[in-house]
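First the structure, in the form of structure tokens, and then the observations on it.
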Amino acid sequence: MFRMKESKLSQIYEAFLNTEKNARQIRSRQNELIASNKAGLELFGEKENPFSFLKETAQVSSLQKLVDAYCTLTPIEIEIQAQNHIYWIELKKFEEDILICANDRTADFKLQKSLENQLDFFRHVLSSFTEPVYLTDQNGNLIYVNQAFCTLTGSSFQDALKSSLNSFISDNPPSFEDIFEDVSIVKTQTGHLPLFIRQKPFKTNDTLYFYGSFQKYVPPALSTELELFQEAPIPAVIIEPNEYKIIRVNGSFMNMLRQKENSFEQKDFLSLFSESTRDNLANKLTRLLNGTTKNERIELILSPEYGNKSFNAFIGFTTSQKESFIIYLIDASERKNLEMQFAHAQKMQAMGQLAGGVAHDFNNLLTAIIGYCDLILQNRDIKDSSFLDILQIKGNANKAAGLVGQLLTFSRKQPSQIQTINFHDAFVDISALLQRSIAPFVTLKTDLKRNLGSIKIDPNQLTQIFLNLAVNAKDAMTKGGSLKITASKEILKKAKPCGNDMLPAGQYIKVVVADNGNGISAEHLPHIFEPFFTTKEGKTGSGTGLGLSTVYGIIKGIGGSISVDSEKGIGTTFILYFPRYDDKPTEKAEALPIRKAFTPLQTYTILLVDDEDSVRLVSARVLRNKGFQVIESANAEQALEELQNNKSIDLLITDMIMPGMDGEALIKMVKQAFPDIRAILMSGYSEDFARHGSTEHQDFDFLAKPFELNQLLSTVEKVIEKNRE
């Protein structure tokens, strides 16, 4: 079969080597073949180099180590890969010779690789599970755990894989013989919990492993009703009675919080709600558990993380043994919003009434101040040192009158000249004014279509709206920025919330005014439309707090609405809705001819009625200076007595709001007795125009307070000239 020394010893060697399946060969120090088995002859051959089968290996350094050891008769063990085979090669001294052994481990390597690949596949699949899962060997030693297992037990991957499964079980540990499905007490990072363990064996290449998972334990009394609980249309949650940990939530609960994955189990139920309602909820649960109160409703508010929604919670027990609480949650956000809207409407109405009343009294005072300033100025030369001082007093009084006008606009008691105007054209007219108001550090960007339609509003008030918003935006952009105004048509098929109001269904022009300024804090945002509320106190050119309240009053007065969205450091966006109309714009009136100077042809007698002494006195004085005869009365009753005693009165001038009979009622009564008498109605605010709707009322002319004395004279002259015609 092969050449070898003919000796009885060689035959013994050959018989010995043939007892092995793996390649075996004995060679002398001179590299002569002494003995070999069949596998050795096939692998090593008879040639001088027994390692020629490794000539295509990429492990050159390992081959060199092997050759060096062979040449020096040094024992060695080494693994070398060649021609898709993996060999384990050993060199051993055999008396004076050397024994070469080679085991082909390719099949074992593939088997090991296959096993590792299968385990990697298991690890990849199990890592995506949300419930805690594990793999153990047949002795219960952990060889894989997922993140959920580590989170539950509070251990790291490294520590878990150094432990056995039963080191995490304090009672009723699973056996590692067959299927295990039972409740065990598991050591978790929050304490010992009863969990249901499902564990099954499986084999891979004759190696036994166990796969298991931890699941929440559902009390038996509840399990029969679990399906009904899960499918309930009302959000519901089951919690533990002591630590208030969540045991289970249903699908409606998940939908309510807009959550796709159930990450709530074992979460603290109280943590879902705002701090303002947690204590009340905890006290309620404690009283229920102690039996000191019965099942009843409690109001809860979700934490900001889940949207600050309001709920009515109905709490009870799942069983008579009080094993767990079951809580049903009914969304009460809409009802809360309606309550807030109603409270806001009442608050704004009360503020409007207060503003109107304050404005009326202020206008009386300002009328007197302006009137006396006019009287003094008539007797002062322009070179007089006090002339400019009096002008300053009058100028500041007129500024105060402007503030009062804003108050009246907020309370919607200011007379306005409502017109139908094309929104696009009207905005183009005021855009240049807006740009000048915010220049040079803020730029105005606009995006308005031409076919937006018309709105019904006083053009001056439309200017006031955008001017107030633009100036506020400029003040908020201390380092410069841009103010963007866009407008579009919008049709609402049903009412929708807008700020704290409900916007009725209909056609609207939606205007968005956005800046990238400092923004408004969440603390201040609910108050920005309130009169006198300002965040500019202590700053140069601080505001009066009437700008946004005026905007609110104008918008509400024409049936629109306004809302605001702001984030500190990001910017502020106002959204305005103007009722939209397809009517043609109101034609502009032709310019009135210049009126000739008034020259009385006869002496006129005027009955002046006003309960405010200062207004009455200054008005009477200027009328007398003009040549009129003036009879003064402090109220309507005195005026009627004067009319009974003096039938030659030509003109009645009366205040609107007075104790007893008001001015309008007085005019009606006088007109019945004296149809030809002319009348002028004065008012500190124009609530009467809410009833009459026009300044051209047939029974009287109107004079708004505060007025300058020239305005009073001009109105009187106009009335007298009408009488002449």
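By convention in this document, the chains of the structure tokens carry letters A, B, ... by their order, each chain's residues are numbered from 1, and ligands are numbered from 1 in the order they are shown.
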Quick one: everything within 10 Å of Leu91 in chain A, counting only C-alpha atoms, minus sequence neighbours fewer than 5 positions away in the same chain. Send it as a ChimeraX atom specification. /A:26,66,69-70,73-78,98-102
Can those selected residues be exported to a file as a PDB file, in the first residue's frame so that it contains N, CA and C atoms?
```
ATOM      1  N   ILE A  26       3.015   8.923  11.019  1.00  0.00           N
ATOM      2  CA  ILE A  26       4.249   9.011  11.794  1.00  0.00           C
ATOM      3  C   ILE A  26       5.408   9.163  10.818  1.00  0.00           C
ATOM      4  N   LEU A  66       3.565  26.132  11.703  1.00  0.00           N
ATOM      5  CA  LEU A  66       3.426  24.675  11.648  1.00  0.00           C
ATOM      6  C   LEU A  66       4.689  24.034  11.048  1.00  0.00           C
ATOM      7  N   ALA A  69       7.652  24.212  13.468  1.00  0.00           N
ATOM      8  CA  ALA A  69       7.513  23.231  14.550  1.00  0.00           C
ATOM      9  C   ALA A  69       7.845  21.826  14.056  1.00  0.00           C
ATOM     10  N   TYR A  70       7.472  21.507  12.799  1.00  0.00           N
ATOM     11  CA  TYR A  70       7.746  20.179  12.223  1.00  0.00           C
ATOM     12  C   TYR A  70       9.245  19.975  12.044  1.00  0.00           C
ATOM     13  N   LEU A  73      10.898  19.493  15.423  1.00  0.00           N
ATOM     14  CA  LEU A  73      10.264  18.455  16.264  1.00  0.00           C
ATOM     15  C   LEU A  73       9.650  19.056  17.525  1.00  0.00           C
ATOM     16  N   THR A  74       8.990  20.212  17.341  1.00  0.00           N
ATOM     17  CA  THR A  74       8.360  20.899  18.470  1.00  0.00           C
ATOM     18  C   THR A  74       6.854  20.632  18.463  1.00  0.00           C
ATOM     19  N   PRO A  75       6.293  20.137  19.573  1.00  0.00           N
ATOM     20  CA  PRO A  75       4.828  19.914  19.604  1.00  0.00           C
ATOM     21  C   PRO A  75       4.057  21.232  19.391  1.00  0.00           C
ATOM     22  N   ILE A  76       2.934  21.129  18.702  1.00  0.00           N
ATOM     23  CA  ILE A  76       2.100  22.327  18.434  1.00  0.00           C
ATOM     24  C   ILE A  76       0.661  21.895  18.159  1.00  0.00           C
ATOM     25  N   GLU A  77      -0.265  22.789  18.481  1.00  0.00           N
ATOM     26  CA  GLU A  77      -1.685  22.625  18.129  1.00  0.00           C
ATOM     27  C   GLU A  77      -2.133  23.915  17.448  1.00  0.00           C
ATOM     28  N   ILE A  78      -2.717  23.780  16.256  1.00  0.00           N
ATOM     29  CA  ILE A  78      -3.064  24.981  15.489  1.00  0.00           C
ATOM     30  C   ILE A  78      -4.255  24.704  14.576  1.00  0.00           C
ATOM     31  N   ILE A  98       7.949  11.699  14.955  1.00  0.00           N
ATOM     32  CA  ILE A  98       6.908  12.723  15.167  1.00  0.00           C
ATOM     33  C   ILE A  98       5.566  12.234  14.631  1.00  0.00           C
ATOM     34  N   LEU A  99       4.527  12.443  15.386  1.00  0.00           N
ATOM     35  CA  LEU A  99       3.157  12.046  15.010  1.00  0.00           C
ATOM     36  C   LEU A  99       2.405  13.286  14.514  1.00  0.00           C
ATOM     37  N   ILE A 100       1.881  13.175  13.297  1.00  0.00           N
ATOM     38  CA  ILE A 100       1.095  14.278  12.700  1.00  0.00           C
ATOM     39  C   ILE A 100      -0.380  13.872  12.737  1.00  0.00           C
ATOM     40  N   CYS A 101      -1.207  14.703  13.372  1.00  0.00           N
ATOM     41  CA  CYS A 101      -2.665  14.444  13.459  1.00  0.00           C
ATOM     42  C   CYS A 101      -3.413  15.627  12.838  1.00  0.00           C
ATOM     43  N   ALA A 102      -4.447  15.320  12.061  1.00  0.00           N
ATOM     44  CA  ALA A 102      -5.275  16.391  11.446  1.00  0.00           C
ATOM     45  C   ALA A 102      -6.749  16.000  11.530  1.00  0.00           C
TER      46      ALA A 102
END
```
Can you tell me which residues surround range 710-719 of chain A at a distance of at most 12 Å, considering only C-alpha atoms, apart from same-chain residues fewer than 6 positions away, and format the answer as a PyMOL selection string? chain A and resi 367+370-371+373-375+378+595-601+604-608+615-616+618-628+650-653+677-682+699-704+725
Those in range 242-310 of chain A with helix (DSSP H, G or I) from DSSP, as a list in words: Gly251, Ser252, Phe253, Met254, Asn255, Met256, Phe269, Leu270, Ser271, Leu272, Glu275, Ser276, Thr277, Arg278, Asp279, Asn280, Leu281, Ala282, Asn283, Lys284, Leu285, Thr286, Arg287, Leu288, Leu289, Asn290, Pro304, Glu305 and Tyr306 of chain A
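Using only C-alpha atoms for every distance, the candidate list A:Val471, A:Ile298, A:Ile12, A:Val609 yields A:Ile298 as the residue closest to Ser310 in chain A.
You can rank A:Tyr13, A:Phe180, A:Phe311, A:Tyr508 by their closest distance to Ala236 in chain A using only C-alpha atoms, and at the top of that list sits A:Phe311.
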Within 7 Å of Met477 in chain A, counting only C-alpha atoms, which residues show up once you throw out same-chain ones fewer than 4 positions away? Write them as a tab-separated table (two decimals) with C-alpha atoms, in the first residue's frame, please.
```
chain	number	residue	atom	x	y	z
A	473	ALA	CA	-45.48	93.43	16.33
A	481	GLY	CA	-37.78	90.98	11.77
A	516	ASN	CA	-41.23	86.47	14.49
A	517	GLY	CA	-40.78	88.57	17.60
A	518	ASN	CA	-40.34	87.80	21.29
```
Neighbour list for Asn635 in chain A as a PDB file with all heavy atoms, in the first residue's frame, cut-off 8 Å, only C-alpha atoms, skip fewer than 2 positions in-chain:
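Output contents, as saved in part.pdb:
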```pdb
ATOM      1  N   VAL A 609     -79.494 121.912  28.754  1.00  0.00           N
ATOM      2  CA  VAL A 609     -79.814 120.965  29.835  1.00  0.00           C
ATOM      3  C   VAL A 609     -78.639 119.991  29.997  1.00  0.00           C
ATOM      4  O   VAL A 609     -78.310 119.254  29.059  1.00  0.00           O
ATOM      5  CB  VAL A 609     -81.109 120.182  29.533  1.00  0.00           C
ATOM      6  CG1 VAL A 609     -81.522 119.357  30.757  1.00  0.00           C
ATOM      7  CG2 VAL A 609     -82.218 121.124  29.096  1.00  0.00           C
ATOM      8  N   ASP A 610     -78.013 119.984  31.179  1.00  0.00           N
ATOM      9  CA  ASP A 610     -76.911 119.039  31.451  1.00  0.00           C
ATOM     10  C   ASP A 610     -76.735 118.954  32.961  1.00  0.00           C
ATOM     11  O   ASP A 610     -76.669 119.975  33.644  1.00  0.00           O
ATOM     12  CB  ASP A 610     -75.614 119.507  30.790  1.00  0.00           C
ATOM     13  CG  ASP A 610     -74.604 118.372  30.668  1.00  0.00           C
ATOM     14  OD1 ASP A 610     -74.434 117.606  31.641  1.00  0.00           O
ATOM     15  OD2 ASP A 610     -73.995 118.243  29.591  1.00  0.00           O
ATOM     16  N   ASP A 611     -76.675 117.751  33.488  1.00  0.00           N
ATOM     17  CA  ASP A 611     -76.531 117.575  34.935  1.00  0.00           C
ATOM     18  C   ASP A 611     -75.094 117.796  35.390  1.00  0.00           C
ATOM     19  O   ASP A 611     -74.819 117.897  36.584  1.00  0.00           O
ATOM     20  CB  ASP A 611     -76.992 116.174  35.353  1.00  0.00           C
ATOM     21  CG  ASP A 611     -76.152 115.078  34.727  1.00  0.00           C
ATOM     22  OD1 ASP A 611     -75.955 115.123  33.489  1.00  0.00           O
ATOM     23  OD2 ASP A 611     -75.705 114.173  35.452  1.00  0.00           O
ATOM     24  N   SER A 633     -80.549 124.448  32.678  1.00  0.00           N
ATOM     25  CA  SER A 633     -81.296 123.520  33.522  1.00  0.00           C
ATOM     26  C   SER A 633     -80.393 122.339  33.856  1.00  0.00           C
ATOM     27  O   SER A 633     -79.609 121.875  33.002  1.00  0.00           O
ATOM     28  CB  SER A 633     -82.561 123.018  32.813  1.00  0.00           C
ATOM     29  OG  SER A 633     -83.463 124.082  32.586  1.00  0.00           O
ATOM     30  N   GLU A 637     -86.586 117.634  34.244  1.00  0.00           N
ATOM     31  CA  GLU A 637     -87.756 118.175  34.927  1.00  0.00           C
ATOM     32  C   GLU A 637     -87.689 119.708  34.981  1.00  0.00           C
ATOM     33  O   GLU A 637     -88.682 120.398  34.714  1.00  0.00           O
ATOM     34  CB  GLU A 637     -87.861 117.585  36.342  1.00  0.00           C
ATOM     35  CG  GLU A 637     -88.273 116.118  36.388  1.00  0.00           C
ATOM     36  CD  GLU A 637     -87.183 115.169  35.962  1.00  0.00           C
ATOM     37  OE1 GLU A 637     -86.014 115.613  35.850  1.00  0.00           O
ATOM     38  OE2 GLU A 637     -87.479 113.991  35.687  1.00  0.00           O
ATOM     39  N   GLN A 638     -86.497 120.255  35.321  1.00  0.00           N
ATOM     40  CA  GLN A 638     -86.338 121.710  35.331  1.00  0.00           C
ATOM     41  C   GLN A 638     -86.530 122.287  33.924  1.00  0.00           C
ATOM     42  O   GLN A 638     -87.122 123.362  33.748  1.00  0.00           O
ATOM     43  CB  GLN A 638     -84.953 122.088  35.847  1.00  0.00           C
ATOM     44  CG  GLN A 638     -84.730 121.841  37.329  1.00  0.00           C
ATOM     45  CD  GLN A 638     -83.346 122.279  37.784  1.00  0.00           C
ATOM     46  OE1 GLN A 638     -82.642 122.974  37.053  1.00  0.00           O
ATOM     47  NE2 GLN A 638     -82.981 121.876  39.004  1.00  0.00           N
ATOM     48  N   ALA A 639     -86.051 121.569  32.900  1.00  0.00           N
ATOM     49  CA  ALA A 639     -86.183 122.038  31.525  1.00  0.00           C
ATOM     50  C   ALA A 639     -87.649 122.139  31.117  1.00  0.00           C
ATOM     51  O   ALA A 639     -88.067 123.104  30.455  1.00  0.00           O
ATOM     52  CB  ALA A 639     -85.429 121.101  30.593  1.00  0.00           C
ATOM     53  N   MET A 658     -78.881 111.517  32.074  1.00  0.00           N
ATOM     54  CA  MET A 658     -79.127 112.403  33.223  1.00  0.00           C
ATOM     55  C   MET A 658     -79.989 111.659  34.230  1.00  0.00           C
ATOM     56  O   MET A 658     -80.694 110.715  33.874  1.00  0.00           O
ATOM     57  CB  MET A 658     -79.858 113.676  32.766  1.00  0.00           C
ATOM     58  CG  MET A 658     -79.091 114.553  31.804  1.00  0.00           C
ATOM     59  SD  MET A 658     -79.989 116.064  31.398  1.00  0.00           S
ATOM     60  CE  MET A 658     -81.413 115.411  30.519  1.00  0.00           C
ATOM     61  N   PRO A 659     -79.927 112.072  35.481  1.00  0.00           N
ATOM     62  CA  PRO A 659     -80.818 111.449  36.475  1.00  0.00           C
ATOM     63  C   PRO A 659     -82.281 111.679  36.079  1.00  0.00           C
ATOM     64  O   PRO A 659     -82.650 112.743  35.564  1.00  0.00           O
ATOM     65  CB  PRO A 659     -80.475 112.193  37.765  1.00  0.00           C
ATOM     66  CG  PRO A 659     -79.127 112.782  37.533  1.00  0.00           C
ATOM     67  CD  PRO A 659     -79.064 113.093  36.071  1.00  0.00           C
ATOM     68  N   GLY A 660     -83.104 110.689  36.323  1.00  0.00           N
ATOM     69  CA  GLY A 660     -84.517 110.816  35.969  1.00  0.00           C
ATOM     70  C   GLY A 660     -84.713 110.584  34.490  1.00  0.00           C
ATOM     71  O   GLY A 660     -84.244 109.591  33.918  1.00  0.00           O
ATOM     72  N   MET A 661     -85.382 111.541  33.826  1.00  0.00           N
ATOM     73  CA  MET A 661     -85.654 111.422  32.393  1.00  0.00           C
ATOM     74  C   MET A 661     -84.369 111.671  31.604  1.00  0.00           C
ATOM     75  O   MET A 661     -83.640 112.612  31.870  1.00  0.00           O
ATOM     76  CB  MET A 661     -86.729 112.441  31.989  1.00  0.00           C
ATOM     77  CG  MET A 661     -87.164 112.333  30.532  1.00  0.00           C
ATOM     78  SD  MET A 661     -88.331 113.637  30.079  1.00  0.00           S
ATOM     79  CE  MET A 661     -89.679 113.293  31.211  1.00  0.00           C
TER      80      MET A 661
END
```
Enumerate as a ChimeraX atom specification all residues of range 121-277 of chain A assigned to strand (DSSP E or B) by DSSP on the backbone, naming them with the chain letters and numbers the document uses. /A:133-137,141-145,164,169-171,180-188,191-204,207-216,236-239,245-249,268,273
Using only C-alpha atoms, which of the listed residues (A:Asn398, A:Thr446, A:Asn141, A:Ser36) sits closest to Phe210 in chain A? A:Asn141
